[in-house]
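K.L.:
Here's a structure for you.
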Amino acid sequence: MTSAGGVLPGETPPRRRLRLGWFAFLAPLLFLLVVFFVIPLIDLLSVSFAPFTGGPRGEAGEFTLANYAKILGDPFYLQMMWNSVQLGVYSTVFALLIGYAVAFYLSRTSGWERTLISVACILPIFVNVIVGILGWYILLLPFGVFQQALTALGLIDGPLRWLRSFWALVAVLTWEHLPFAILILVSSLQHVPADKIAAARIAGASNFQILRTVLLPLTMPGIVASAILVFSLSVSSYLVPILIAGPRAQVIPLSIFSFASELLNWPMASALAFLLLIVVAVITYAFIALTNRLTRRGEWEMV
Amino acid sequence: MLALRIFVYLVVALMAAPVLISLPVALTSAGIIRFPPEGLSLQWFLATFQDELLVQSILRSFVLALTAAIAAVAISLPCAFAIERGRLYGQTAMETLIIGPKMIPQIVLVLALLVYFEKLGLAETFLGLVVAHLIITIPFAFRTVLVSVTSLDKRLEWSSAILGAGPSRTFAEVIAPQLKTGMIAAFIFTFILSFNNVTMALFLSSIGERTLPVEMFQRMYVGGMTPAIPAISFMLALAGVVLFVALDRTVGVFKFLGGGK
């Protein structure tokens, strides 16, 4: 903590000045984050405890738990929260299963094949999500591409009703967030030493045994990190539900948006936002605790 | 292995399909979005550039992303040095704070900024939008810059110092060249994230000053949807592929983005 080791030999001014120098390096970013990240969140928390009396911010200076009580006491909002959590869980499971297979394959290929697969699978990060949603819309629409293809194959008969469904939401959310899982999992799989796999193979392990006893435990931090990320992104997605499922989709982010922008009731919007935050945090924490216990390793690389 | 290969290519097809489908749909000569298209023409690609609202929103998004990316990288670089070399008190806390904006659901963050900006008078201003984009891109810019600061070869700096170069000369002639690729990667990544972000601008930009993704959202959700939207979608996807391949061939996408979002 006190050593100045690692600093250039050419510049070894007194330790104290050095510290201040480093803080000057940090200051702009810390200032920005405190003023435009920490304080807004605290402000939002205080708004969530204000009674709503017509003005968007609610009654300043007053404290009430009414907003939270209203949400927690209303089965409508609880169902909405449950819908959001389900969406998050399903898209996380699919993104991890698909992502792991793709990442495993990617870590064993090179050249043009690697480029082709990674371009296709990372593309959703490189275009805005509206592009993808529009594409899925055209594919899933009644009389759209999927329906025509399935009808031509003789698999279905009559219009396809996928567009407004729960599973369409899961599919598009998985599509949108798969790249993040793949990015983390590839770098995680690349750090598995090749000689460990070779050793397992020499010892006679089958592919499945290698996956279960070598790869999965060694890439657990990556799996946990990508699961947390995909879950958080999917639960809080606003655009996919509103465009794929429509404005009446019952998920929390839509309700937050409607309270904030249409009803101008910020106390309710912020209470919903903080409940969403708490639910995400609790599920994340439970997941980390569970995987810790399963693999008996104490440290995760929490990126 | 063959089964895995087939599965992977199926995934590739499904990942690419929604992006590729915009091409045939946009090539229509009719005014509606339908597959297969009725007749072939490039008119909707041309129409994109004659649509003043679209062109303005493209320019606005470009300026916004450029500003946010330059600022995010510039502000992250000294910070990455301080975190990597400084051995400061409260380092873990600072790192947590820096990656904070990406840990928190964006819908929560944008609501916080909306409420806060309204109080400060920054709501519906371009400056407010820049600040919001800066906040959400900093974790990624920082992470990417940190990768290259961590991989600096210290022996080169020692050699430079031994040979009599001062700190500023060492920085300019020894450190900066090593950081160049990492900085470019961080800039491109941050630019892409900012250019493609919809949620922030949807809440924070004023009705008359939409960014490109918000303009696309409005036309899809509210109305005014023509094949010009798939046309611009396809062009954006093409630009995305070009950027990706360029980034992958020069610095390696997985090396720099491996930290994830």
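Naming works like this for the structure tokens: A, B, ... for the chains as they're shown, residue 1 at the start of each chain, ligands 1 onward in shown order.
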Mind listing the alpha helix (DSSP H) residues of stretch 58-235 of chain B, per DSSP on the backbone, as number ranges by chain?
P.N.:
B: 58-85, 91-103, 106-120, 126-150, 154-162, 167-170, 176-196, 199-204, 212-221, 228-235
K.L.:
Atoms to include: C-alpha atoms. Write the selected residues as a CSV table (one decimal), in the first residue's frame.
P.N.:
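For reference, result35.csv as written:
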```csv
chain,number,residue,atom,x,y,z
B,58,ILE,CA,-27.6,10.4,-38.4
B,59,LEU,CA,-25.4,13.5,-38.1
B,60,ARG,CA,-26.6,14.1,-34.5
B,61,SER,CA,-25.8,10.5,-33.5
B,62,PHE,CA,-22.4,10.8,-35.1
B,63,VAL,CA,-21.5,14.0,-33.3
B,64,LEU,CA,-22.8,12.6,-30.0
B,65,ALA,CA,-20.9,9.3,-30.3
B,66,LEU,CA,-17.7,11.1,-31.4
B,67,THR,CA,-17.9,13.5,-28.5
B,68,ALA,CA,-18.7,10.8,-25.9
B,69,ALA,CA,-16.0,8.4,-27.3
B,70,ILE,CA,-13.2,11.0,-27.3
B,71,ALA,CA,-14.2,12.2,-23.8
B,72,ALA,CA,-14.5,8.7,-22.4
B,73,VAL,CA,-11.1,7.6,-23.6
B,74,ALA,CA,-9.4,10.8,-22.7
B,75,ILE,CA,-10.8,10.7,-19.2
B,76,SER,CA,-10.2,7.0,-18.7
B,77,LEU,CA,-6.5,6.9,-19.7
B,78,PRO,CA,-5.0,8.9,-16.8
B,79,CYS,CA,-7.4,7.0,-14.5
B,80,ALA,CA,-6.2,3.6,-15.8
B,81,PHE,CA,-2.6,4.7,-15.1
B,82,ALA,CA,-3.5,5.7,-11.6
B,83,ILE,CA,-5.3,2.5,-10.9
B,84,GLU,CA,-2.7,0.3,-12.4
B,85,ARG,CA,0.4,2.1,-11.1
B,91,GLN,CA,-8.5,1.2,-5.1
B,92,THR,CA,-11.2,-1.5,-5.1
B,93,ALA,CA,-13.9,1.0,-4.2
B,94,MET,CA,-12.8,3.2,-7.0
B,95,GLU,CA,-12.8,0.3,-9.5
B,96,THR,CA,-16.3,-0.6,-8.3
B,97,LEU,CA,-17.5,2.9,-8.8
B,98,ILE,CA,-16.0,3.0,-12.3
B,99,ILE,CA,-17.7,-0.2,-13.5
B,100,GLY,CA,-20.9,0.8,-11.6
B,101,PRO,CA,-22.7,2.3,-14.5
B,102,LYS,CA,-22.6,-1.0,-16.3
B,103,MET,CA,-23.6,-3.1,-13.3
B,106,GLN,CA,-29.9,0.9,-17.7
B,107,ILE,CA,-33.5,1.6,-17.2
B,108,VAL,CA,-32.8,2.6,-13.5
B,109,LEU,CA,-29.8,4.8,-14.5
B,110,VAL,CA,-31.7,6.6,-17.2
B,111,LEU,CA,-34.6,7.3,-14.9
B,112,ALA,CA,-32.2,8.7,-12.3
B,113,LEU,CA,-30.6,10.9,-14.9
B,114,LEU,CA,-34.0,12.1,-16.2
B,115,VAL,CA,-35.1,13.1,-12.7
B,116,TYR,CA,-31.8,14.7,-11.9
B,117,PHE,CA,-31.4,16.5,-15.3
B,118,GLU,CA,-34.9,18.0,-14.9
B,119,LYS,CA,-33.7,19.6,-11.7
B,120,LEU,CA,-30.4,20.9,-13.2
B,126,PHE,CA,-27.5,17.9,-26.1
B,127,LEU,CA,-25.0,18.4,-23.3
B,128,GLY,CA,-27.2,16.2,-21.0
B,129,LEU,CA,-27.2,13.5,-23.6
B,130,VAL,CA,-23.4,13.7,-24.0
B,131,VAL,CA,-23.0,13.3,-20.2
B,132,ALA,CA,-25.4,10.4,-20.1
B,133,HIS,CA,-23.6,8.6,-22.9
B,134,LEU,CA,-20.3,9.4,-21.2
B,135,ILE,CA,-21.5,7.8,-17.9
B,136,ILE,CA,-22.6,4.5,-19.6
B,137,THR,CA,-19.6,4.2,-21.9
B,138,ILE,CA,-16.9,4.9,-19.2
B,139,PRO,CA,-16.8,1.4,-17.8
B,140,PHE,CA,-16.1,0.0,-21.2
B,141,ALA,CA,-13.6,2.7,-22.2
B,142,PHE,CA,-11.8,2.3,-18.9
B,143,ARG,CA,-11.7,-1.5,-19.1
B,144,THR,CA,-10.3,-1.5,-22.6
B,145,VAL,CA,-7.7,1.2,-21.8
B,146,LEU,CA,-6.8,-0.7,-18.7
B,147,VAL,CA,-6.0,-3.8,-20.7
B,148,SER,CA,-3.4,-1.9,-22.7
B,149,VAL,CA,-2.0,0.0,-19.7
B,150,THR,CA,-1.6,-3.3,-17.9
B,154,LYS,CA,8.0,-1.7,-18.2
B,155,ARG,CA,11.5,-2.7,-19.2
B,156,LEU,CA,11.2,-0.3,-22.2
B,157,GLU,CA,10.4,2.5,-19.8
B,158,TRP,CA,13.3,1.6,-17.6
B,159,SER,CA,15.6,1.5,-20.7
B,160,SER,CA,14.3,4.9,-21.7
B,161,ALA,CA,14.9,6.4,-18.3
B,162,ILE,CA,18.4,4.8,-18.1
B,167,PRO,CA,9.2,11.3,-18.0
B,168,SER,CA,7.5,13.4,-20.7
B,169,ARG,CA,9.8,12.2,-23.4
B,170,THR,CA,9.4,8.6,-22.2
B,176,ALA,CA,2.3,6.4,-26.2
B,177,PRO,CA,3.2,4.2,-29.2
B,178,GLN,CA,2.5,1.1,-27.2
B,179,LEU,CA,-0.9,2.4,-26.1
B,180,LYS,CA,-2.0,3.5,-29.6
B,181,THR,CA,-3.8,0.3,-30.7
B,182,GLY,CA,-5.5,0.0,-27.3
B,183,MET,CA,-6.7,3.6,-27.5
B,184,ILE,CA,-8.0,3.1,-31.0
B,185,ALA,CA,-9.9,-0.1,-29.9
B,186,ALA,CA,-11.3,1.7,-26.9
B,187,PHE,CA,-12.4,4.6,-29.1
B,188,ILE,CA,-14.1,2.4,-31.7
B,189,PHE,CA,-15.8,0.3,-29.0
B,190,THR,CA,-17.0,3.4,-27.1
B,191,PHE,CA,-18.2,5.0,-30.3
B,192,ILE,CA,-20.2,2.0,-31.3
B,193,LEU,CA,-21.8,1.7,-27.9
B,194,SER,CA,-22.8,5.3,-27.9
B,195,PHE,CA,-23.9,5.4,-31.5
B,196,ASN,CA,-26.1,2.4,-31.0
B,199,THR,CA,-32.5,3.9,-24.1
B,200,MET,CA,-30.6,7.0,-23.0
B,201,ALA,CA,-31.7,9.1,-25.9
B,202,LEU,CA,-35.2,7.8,-25.8
B,203,PHE,CA,-35.7,9.2,-22.4
B,204,LEU,CA,-33.4,12.2,-22.5
B,212,LEU,CA,-30.8,7.9,-35.3
B,213,PRO,CA,-31.8,4.9,-33.2
B,214,VAL,CA,-34.6,7.0,-31.6
B,215,GLU,CA,-35.8,8.2,-35.0
B,216,MET,CA,-35.9,4.5,-36.1
B,217,PHE,CA,-37.8,3.6,-32.9
B,218,GLN,CA,-40.3,6.3,-33.5
B,219,ARG,CA,-41.0,5.3,-37.0
B,220,MET,CA,-41.4,1.7,-36.0
B,221,TYR,CA,-43.5,2.3,-33.0
B,228,ALA,CA,-36.2,3.4,-45.8
B,229,ILE,CA,-35.8,2.0,-42.3
B,230,PRO,CA,-34.7,-1.5,-43.4
B,231,ALA,CA,-32.5,0.2,-45.9
B,232,ILE,CA,-30.7,2.2,-43.2
B,233,SER,CA,-30.7,-0.9,-41.0
B,234,PHE,CA,-28.8,-2.8,-43.7
B,235,MET,CA,-26.3,0.0,-44.2
```
K.L.:
Dump as a PyMOL selection string the residues of chain A that approach chain B to within 6 Å, counting only C-alpha atoms.
P.N.:
chain A and resi 1+10+22+25-26+40-41+44+102+120-121+126-128+131-132+135-136+180+183-184+187+236+273
K.L.:
When you look at stretch 249-264 of chain A with a cut-off of 6 Å (counting only C-alpha atoms), what residues show up, excluding the ones that are within fewer than 3 positions of it in the same chain? I need them as number ranges by chain.
P.N.:
A: 56, 80-81, 84, 236, 238, 245-246, 269
K.L.:
Any idea what's packed within 8 Å of A:Ala227, counting only C-alpha atoms, ignoring anything in its chain fewer than 3 positions away? Could you give it as a list in words?
P.N.:
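Once the nearby chain positions are removed, what remains is Thr92, Val93, Leu96, Ala181, Ile223, Val224, Val230 and Phe231 of chain A.
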K.L.:
Please produce an output containing N, CA and C atoms for each residue in the selection, written as a tab-separated table (two decimals), in the first residue's frame.
P.N.:
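This is the output file out.tsv:
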```tsv
chain	number	residue	atom	x	y	z
A	92	THR	N	-31.31	-15.93	-20.06
A	92	THR	CA	-29.99	-16.23	-19.54
A	92	THR	C	-29.62	-17.69	-19.79
A	93	VAL	N	-30.57	-18.60	-19.52
A	93	VAL	CA	-30.30	-20.02	-19.73
A	93	VAL	C	-29.97	-20.30	-21.20
A	96	LEU	N	-26.60	-18.77	-22.24
A	96	LEU	CA	-25.45	-19.51	-21.73
A	96	LEU	C	-25.24	-20.83	-22.45
A	181	ALA	N	-22.44	-12.80	-23.71
A	181	ALA	CA	-22.07	-14.09	-23.11
A	181	ALA	C	-20.89	-14.69	-23.87
A	223	ILE	N	-18.69	-18.18	-16.64
A	223	ILE	CA	-20.11	-18.55	-16.71
A	223	ILE	C	-20.93	-17.67	-15.78
A	224	VAL	N	-20.42	-17.51	-14.56
A	224	VAL	CA	-21.15	-16.69	-13.58
A	224	VAL	C	-21.24	-15.24	-14.06
A	230	VAL	N	-26.16	-11.14	-18.57
A	230	VAL	CA	-27.31	-11.37	-19.47
A	230	VAL	C	-28.62	-11.22	-18.69
A	231	PHE	N	-28.62	-11.72	-17.47
A	231	PHE	CA	-29.84	-11.61	-16.67
A	231	PHE	C	-30.21	-10.15	-16.43
```
K.L.:
Name the residues in contact with A:Leu185 at a cut-off of 7 Å, using only C-alpha atoms, excluding same-chain residues fewer than 5 positions from it; report them as number ranges by chain.
P.N.:
A: 100, 103, 222-223
K.L.:
Just write the chosen residues, C-alpha atoms, as a PDB file, in the first residue's frame.
P.N.:
```
ATOM      1  CA  TYR A 100     -20.946 -21.907 -24.329  1.00  0.00           C
ATOM      2  CA  ALA A 103     -17.497 -20.096 -27.541  1.00  0.00           C
ATOM      3  CA  GLY A 222     -16.817 -16.676 -16.876  1.00  0.00           C
ATOM      4  CA  ILE A 223     -20.105 -18.552 -16.715  1.00  0.00           C
TER       5      ILE A 223
END
```
K.L.:
Nearest to B:Ala3 among A:Leu155, A:Thr295, A:Lys196, A:Tyr105, with distances taken over only C-alpha atoms: which residue is it?
P.N.:
A:Tyr105
K.L.:
Give me, please, the distance in Å between atom CA of A:Arg108 and atom CA of A:Leu189, quoted to one decimal.
P.N.:
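For atom CA of A:Arg108 relative to atom CA of A:Leu189, the distance reads 9.8 Å.
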K.L.:
Return the single residue from A:Leu215, A:Gly154, A:Leu65, A:Gln147 that is closest to A:Phe52, with distances computed using only C-alpha atoms.
P.N.:
A:Leu65
